[in-house]
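Since the structure comes first, as structure tokens, the remarks are kept for the end.
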Amino acid sequence: MKQPSGGNIRTWGSRYVFLCGSVLALLGLSLLYGEAHPYSFLTLTNLPGIVCRVIFDAFLAVSAVALIFKLMHWKDYSRTFWKQPGVVKASCTAFLPVACGCVLTLIDRGLLRLIYTIRLCAQLESNPKTFGSSMIYMSLKGKDMLFTGIWTTVRIALLGTGIAFVLAIFMVFLRIQTPDKRDNDAVKALKWLASHFASFYVFVIRGTPMMVQALIFYYFGFNLFKKTNMTVTEINHVWSFFISGLCTVSLNSTAYLTEVLRGGILAVDRGQTEAARSLGMTNWQTMLKVVFPQAVKNSIPAIGNEFIINIKDSSVLSVIGVMDLMYATKSISGIYFRSLEIYCVAAILYLILTWLSSRLLQYLGKKLDTPVKGIPSSN
Amino acid sequence: MDECILKIEKLEKSFGDLQVLKGIDLEIRKGEVVCIIGASGSGKSTLLRCLNLLEEADAGNIWFDGQNLMDLSVNLNALRQKIGMVFQSFNLFNNKNVLDNCTLAPMTVRKIGKAQAEETAVRHLKQVGLEDFIYADSTRLSGGQKQRVAIARALCMEPEIMLFDEPTSALDPEIVGEVLDVMKELAREGMTMVVVTHEMAFAKEVSDRVVFMDQGIILEQGSPEEIFTRPKNDRTREFLTRYLEDKEA
């Protein structure tokens, strides 16, 4: 009794071939008996459709007979006619047309149907009743908004993570200051202040929701500009939703990346610092030339994760009116009075964005020799 | 040979409640090779690390180059340039290749030009027999090669004294020799060296003076002959006997 091994179906033995083939045949049949559409090239009455049906039916019938044999000869099945090399080979060969037929029906009833529905929806004047059609209809009608939304989300995530990285380098430099007994009192005080300021910043940002931060930053900036006697239109131009949203994401990510970089620095072997110091390098030179390059390399996977997290978490910026993917979705749902359908579209779009980014990061990680895994959880 | 280059007075160091160094007095003369031996935990490595202040001693004086290293106002980085250190775990800079490991400190600390720093580095790498590995990734070398690069890196700063902290303890027995050979060559050239080691044969052959440490104090010191053939102290004798037994076993 061999277990299925590897991807080569020829080594599986006939019963697995029958089992898998039957599943495919049943799938194909159920699709074939389902509703046809104007683009279908397979129907129950035309020749290709009949050929597919006959193949599926025949395979199912033979499989059923094989199943009965298996049930009757549970122990000595391997000695029956079904286990002879010729029969095993024949069953494998028969599997091929079934798989082809199944793929064909999938193309016909899946892909072609989708294309047909999209074409149909493009011509519709009102929101269709069915779920899928409605998703397509609203996506098509709101495609400009969705594209703007995606572009804004990507820009905020990219720029936000980039700015945050630069700020985090500065912040982690403050964070790791430790007073040395060789410093004079002023330097000691400054170092203490720097390190405590950085840890307080991280504490506050990590301890509050980004949505609240977004609102605070926006109104703080707004009130600040108002003091300069600018009109609301002028303020909206300078302190736009996008700018304040970008600030929020940047400042928020700074806190997380500071901790990421600090972890990266702590992960660098103490011996590296000792060696550099023993050669007469100052603390600052050691940090800059030896420890920091290694720390950043250690942190690359986590920095990539922060980017993906920002794609997802920038959705909360829609509360202040940043025209990101979430805001676009909300607007479309408001226009067409359907929510579930368009939010599902948003979910799919976010998933595509994060999936693409994570593939890209994995590729970059491989190039830089730093492994990256999967889509990270939220902050 | 007579000029005293490093003088340690009443050096004390504790880690928490554990007093590791209990008043060490030691003088190192120019061109001298001093080996510090003793059981694990006797404070040998701590003593060595205190000499360039990788560990900060609690009390005592370390006189080097006319300055007291324990004085809080000395320019530590300037003094450290003149004290080379070789570590048990090599500690090559992982983000740099062999050549860059050797040129980093001369270029950043002594502000020497790239061309000149590289010339010096290549000279010292030849000296340790690694001229074929100049552009090699420092993480891909064998232990013996790494330690030889580490020695070359320290030499590039043209130190007045070299400290070796168990330089062969992390190496497997077959390649200990290649590192010891480099050290012997250095000793022949007249480098002042302080070596914490478990290689008794090396200590016997190369050193001018052997220091035996036990439980944070220097129990006995003298020429290799005195220590290895006629140790005065019972504890020294016991240590050496057991050590030789272990070697034979």
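So you can find residues: chains in the structure tokens are A, B, ... in the order shown, residues in each start at 1, and ligands are numbered from 1 in order.
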
Counting only C-alpha atoms, what is within 10 Å of Arg29 in chain B, bar same-chain residues fewer than 2 positions away, as a PDB file with N, CA, C and O atoms, in the first residue's frame?
```pdb
ATOM      1  N   MET B   1      64.806  47.151  26.254  1.00  0.00           N
ATOM      2  CA  MET B   1      64.148  46.077  27.025  1.00  0.00           C
ATOM      3  C   MET B   1      63.760  46.566  28.420  1.00  0.00           C
ATOM      4  O   MET B   1      62.874  46.033  29.050  1.00  0.00           O
ATOM      5  N   ASP B   2      64.415  47.633  28.869  1.00  0.00           N
ATOM      6  CA  ASP B   2      64.196  48.034  30.251  1.00  0.00           C
ATOM      7  C   ASP B   2      63.062  49.031  30.423  1.00  0.00           C
ATOM      8  O   ASP B   2      62.451  49.088  31.486  1.00  0.00           O
ATOM      9  N   GLU B   3      62.822  49.777  29.379  1.00  0.00           N
ATOM     10  CA  GLU B   3      61.826  50.840  29.486  1.00  0.00           C
ATOM     11  C   GLU B   3      60.443  50.244  29.759  1.00  0.00           C
ATOM     12  O   GLU B   3      59.971  49.380  29.021  1.00  0.00           O
ATOM     13  N   CYS B   4      59.818  50.717  30.826  1.00  0.00           N
ATOM     14  CA  CYS B   4      58.499  50.198  31.174  1.00  0.00           C
ATOM     15  C   CYS B   4      57.429  50.874  30.304  1.00  0.00           C
ATOM     16  O   CYS B   4      57.358  52.101  30.237  1.00  0.00           O
ATOM     17  N   ILE B   5      56.644  50.079  29.607  1.00  0.00           N
ATOM     18  CA  ILE B   5      55.665  50.664  28.682  1.00  0.00           C
ATOM     19  C   ILE B   5      54.270  50.703  29.298  1.00  0.00           C
ATOM     20  O   ILE B   5      53.468  51.598  29.042  1.00  0.00           O
ATOM     21  N   LEU B   6      53.990  49.712  30.148  1.00  0.00           N
ATOM     22  CA  LEU B   6      52.670  49.631  30.762  1.00  0.00           C
ATOM     23  C   LEU B   6      52.837  49.236  32.222  1.00  0.00           C
ATOM     24  O   LEU B   6      53.559  48.286  32.525  1.00  0.00           O
ATOM     25  N   LYS B   7      52.216  50.013  33.093  1.00  0.00           N
ATOM     26  CA  LYS B   7      52.362  49.712  34.509  1.00  0.00           C
ATOM     27  C   LYS B   7      50.986  49.656  35.166  1.00  0.00           C
ATOM     28  O   LYS B   7      50.216  50.616  35.084  1.00  0.00           O
ATOM     29  N   LEU B  26      51.452  44.911  37.977  1.00  0.00           N
ATOM     30  CA  LEU B  26      52.206  44.271  36.894  1.00  0.00           C
ATOM     31  C   LEU B  26      52.876  45.346  36.061  1.00  0.00           C
ATOM     32  O   LEU B  26      52.305  46.405  35.825  1.00  0.00           O
ATOM     33  N   GLU B  27      54.102  45.050  35.640  1.00  0.00           N
ATOM     34  CA  GLU B  27      54.806  45.974  34.751  1.00  0.00           C
ATOM     35  C   GLU B  27      55.146  45.243  33.467  1.00  0.00           C
ATOM     36  O   GLU B  27      55.585  44.099  33.494  1.00  0.00           O
ATOM     37  N   GLY B  31      59.094  45.640  24.326  1.00  0.00           N
ATOM     38  CA  GLY B  31      59.655  44.507  23.595  1.00  0.00           C
ATOM     39  C   GLY B  31      59.498  43.173  24.306  1.00  0.00           C
ATOM     40  O   GLY B  31      59.928  42.131  23.824  1.00  0.00           O
ATOM     41  N   GLU B  32      58.820  43.189  25.447  1.00  0.00           N
ATOM     42  CA  GLU B  32      58.687  41.971  26.234  1.00  0.00           C
ATOM     43  C   GLU B  32      57.452  41.174  25.798  1.00  0.00           C
ATOM     44  O   GLU B  32      56.447  41.753  25.391  1.00  0.00           O
ATOM     45  N   VAL B  33      57.556  39.861  25.871  1.00  0.00           N
ATOM     46  CA  VAL B  33      56.376  39.027  25.631  1.00  0.00           C
ATOM     47  C   VAL B  33      55.972  38.391  26.957  1.00  0.00           C
ATOM     48  O   VAL B  33      56.744  37.615  27.538  1.00  0.00           O
ATOM     49  N   VAL B  34      54.799  38.783  27.444  1.00  0.00           N
ATOM     50  CA  VAL B  34      54.341  38.271  28.736  1.00  0.00           C
ATOM     51  C   VAL B  34      53.139  37.374  28.505  1.00  0.00           C
ATOM     52  O   VAL B  34      52.158  37.780  27.873  1.00  0.00           O
ATOM     53  N   ILE B 161      51.808  48.174  21.688  1.00  0.00           N
ATOM     54  CA  ILE B 161      51.675  46.950  22.479  1.00  0.00           C
ATOM     55  C   ILE B 161      50.468  46.164  21.939  1.00  0.00           C
ATOM     56  O   ILE B 161      49.503  46.765  21.473  1.00  0.00           O
ATOM     57  N   THR B 192      55.886  44.311  21.632  1.00  0.00           N
ATOM     58  CA  THR B 192      55.525  44.074  23.032  1.00  0.00           C
ATOM     59  C   THR B 192      54.173  43.352  23.050  1.00  0.00           C
ATOM     60  O   THR B 192      53.226  43.821  22.418  1.00  0.00           O
ATOM     61  N   MET B 193      54.112  42.237  23.724  1.00  0.00           N
ATOM     62  CA  MET B 193      52.880  41.444  23.677  1.00  0.00           C
ATOM     63  C   MET B 193      52.473  40.962  25.061  1.00  0.00           C
ATOM     64  O   MET B 193      53.304  40.512  25.839  1.00  0.00           O
TER      65      MET B 193
END
```

Residues of chain A that have any atom at most 6 Å from an atom of chain B: could you tabulate them with the shortest-distance atom pair and the distance in Å to one decimal, using only C-alpha atoms, ordered by chain and increasing number, as a Markdown table?
```
| residue | atom | partner | partner_atom | distance |
| --- | --- | --- | --- | --- |
| A:Arg182 | CA | B:Leu72 | CA | 5.5 |
| A:Gly271 | CA | B:Asn91 | CA | 5.3 |
| A:Gln272 | CA | B:Asn91 | CA | 5.5 |
| A:Ser278 | CA | B:Arg80 | CA | 5.8 |
| A:Leu279 | CA | B:Gln81 | CA | 5.3 |
| A:Gly280 | CA | B:Asn77 | CA | 4.4 |
| A:Met281 | CA | B:Val109 | CA | 5.8 |
```

Filtering to N, CA and C atoms, could you give me those residues as an mmCIF file, in the first residue's frame?
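again.cif was written with the following content:
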```
data_model
loop_
_atom_site.group_PDB
_atom_site.id
_atom_site.type_symbol
_atom_site.label_atom_id
_atom_site.label_comp_id
_atom_site.auth_asym_id
_atom_site.auth_seq_id
_atom_site.Cartn_x
_atom_site.Cartn_y
_atom_site.Cartn_z
ATOM 1 N N ARG A 182 32.578 59.184 31.661
ATOM 2 C CA ARG A 182 33.616 60.080 31.165
ATOM 3 C C ARG A 182 33.053 61.375 30.569
ATOM 4 N N GLY A 271 30.881 41.982 20.286
ATOM 5 C CA GLY A 271 32.284 41.908 19.858
ATOM 6 C C GLY A 271 32.615 42.890 18.756
ATOM 7 N N GLN A 272 31.628 43.185 17.887
ATOM 8 C CA GLN A 272 31.851 44.126 16.788
ATOM 9 C C GLN A 272 32.188 45.504 17.351
ATOM 10 N N SER A 278 38.398 49.041 20.403
ATOM 11 C CA SER A 278 39.788 48.694 20.739
ATOM 12 C C SER A 278 40.762 49.264 19.711
ATOM 13 N N LEU A 279 40.254 49.576 18.498
ATOM 14 C CA LEU A 279 41.116 50.171 17.482
ATOM 15 C C LEU A 279 41.166 51.690 17.604
ATOM 16 N N GLY A 280 40.469 52.217 18.589
ATOM 17 C CA GLY A 280 40.510 53.658 18.826
ATOM 18 C C GLY A 280 39.372 54.420 18.175
ATOM 19 N N MET A 281 38.405 53.693 17.590
ATOM 20 C CA MET A 281 37.285 54.400 16.967
ATOM 21 C C MET A 281 36.375 54.954 18.051
#
```

For this session: Show which residues sit within 7 Å of Arg262 in chain A, as a list in words. Count only C-alpha atoms, and ignore same-chain residues fewer than 4 positions away.
Result: Val172, Thr258 and Leu266 of chain A

Could those selected residues go to a file with C-alpha atoms, as an mmCIF file, in the first residue's frame?
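Wrote again_35.cif, looks like this:
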```cif
data_model
loop_
_atom_site.group_PDB
_atom_site.id
_atom_site.type_symbol
_atom_site.label_atom_id
_atom_site.label_comp_id
_atom_site.auth_asym_id
_atom_site.auth_seq_id
_atom_site.Cartn_x
_atom_site.Cartn_y
_atom_site.Cartn_z
ATOM 1 C CA VAL A 172 17.017 55.512 17.289
ATOM 2 C CA THR A 258 12.686 53.096 15.836
ATOM 3 C CA LEU A 266 20.967 45.113 19.821
#
```

Problem set entry | DSSP-assigned strand (DSSP E or B) members of range 176-235 of chain B, reported as a PyMOL selection string | chain B and resi 192-196+209-214+217-222

For this session: May I have the residues within 12 Å of Ile320 in chain A as number ranges by chain, using only C-alpha atoms and disregarding those fewer than 3 positions away in the same chain?
Result: A: 210-219, 222, 236, 239-246, 248, 314-317, 323-324, 326-327

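Checking A:Ala255, A:Val268, A:Cys344, A:Val17 one by one against Ala164 in chain A, counting only C-alpha atoms, you find the shortest gap at A:Ala255.
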
Exercise. From the list A:Val291, A:Leu261, A:Val232, A:Lys312, which residue is nearest Ala275 in chain A when using only C-alpha atoms?
Worked result: A:Val291

For this session: Extract, using only C-alpha atoms, all DNA, RNA and protein residues at most 9 Å from Val128 in chain B, discarding same-chain residues fewer than 2 positions from it, and format them as a PyMOL selection string.
Result: chain B and resi 123-126+130-131+145+148-149+151-152+178-179+181-182

For this session: Write out as a PyMOL selection string each polymer residue whose atoms come within 12 Å of Leu96 in chain A, counting only C-alpha atoms; drop sequence neighbours fewer than 3 positions from it.
Result: chain A and resi 9-10+17-18+20-21+24-25+55-56+59+89-93+99-103

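Nearest to Phe228 in chain B of all the residues B:Ser45, B:Ser207, B:Ser142, B:Gln67 is B:Ser207, based on only C-alpha atoms.
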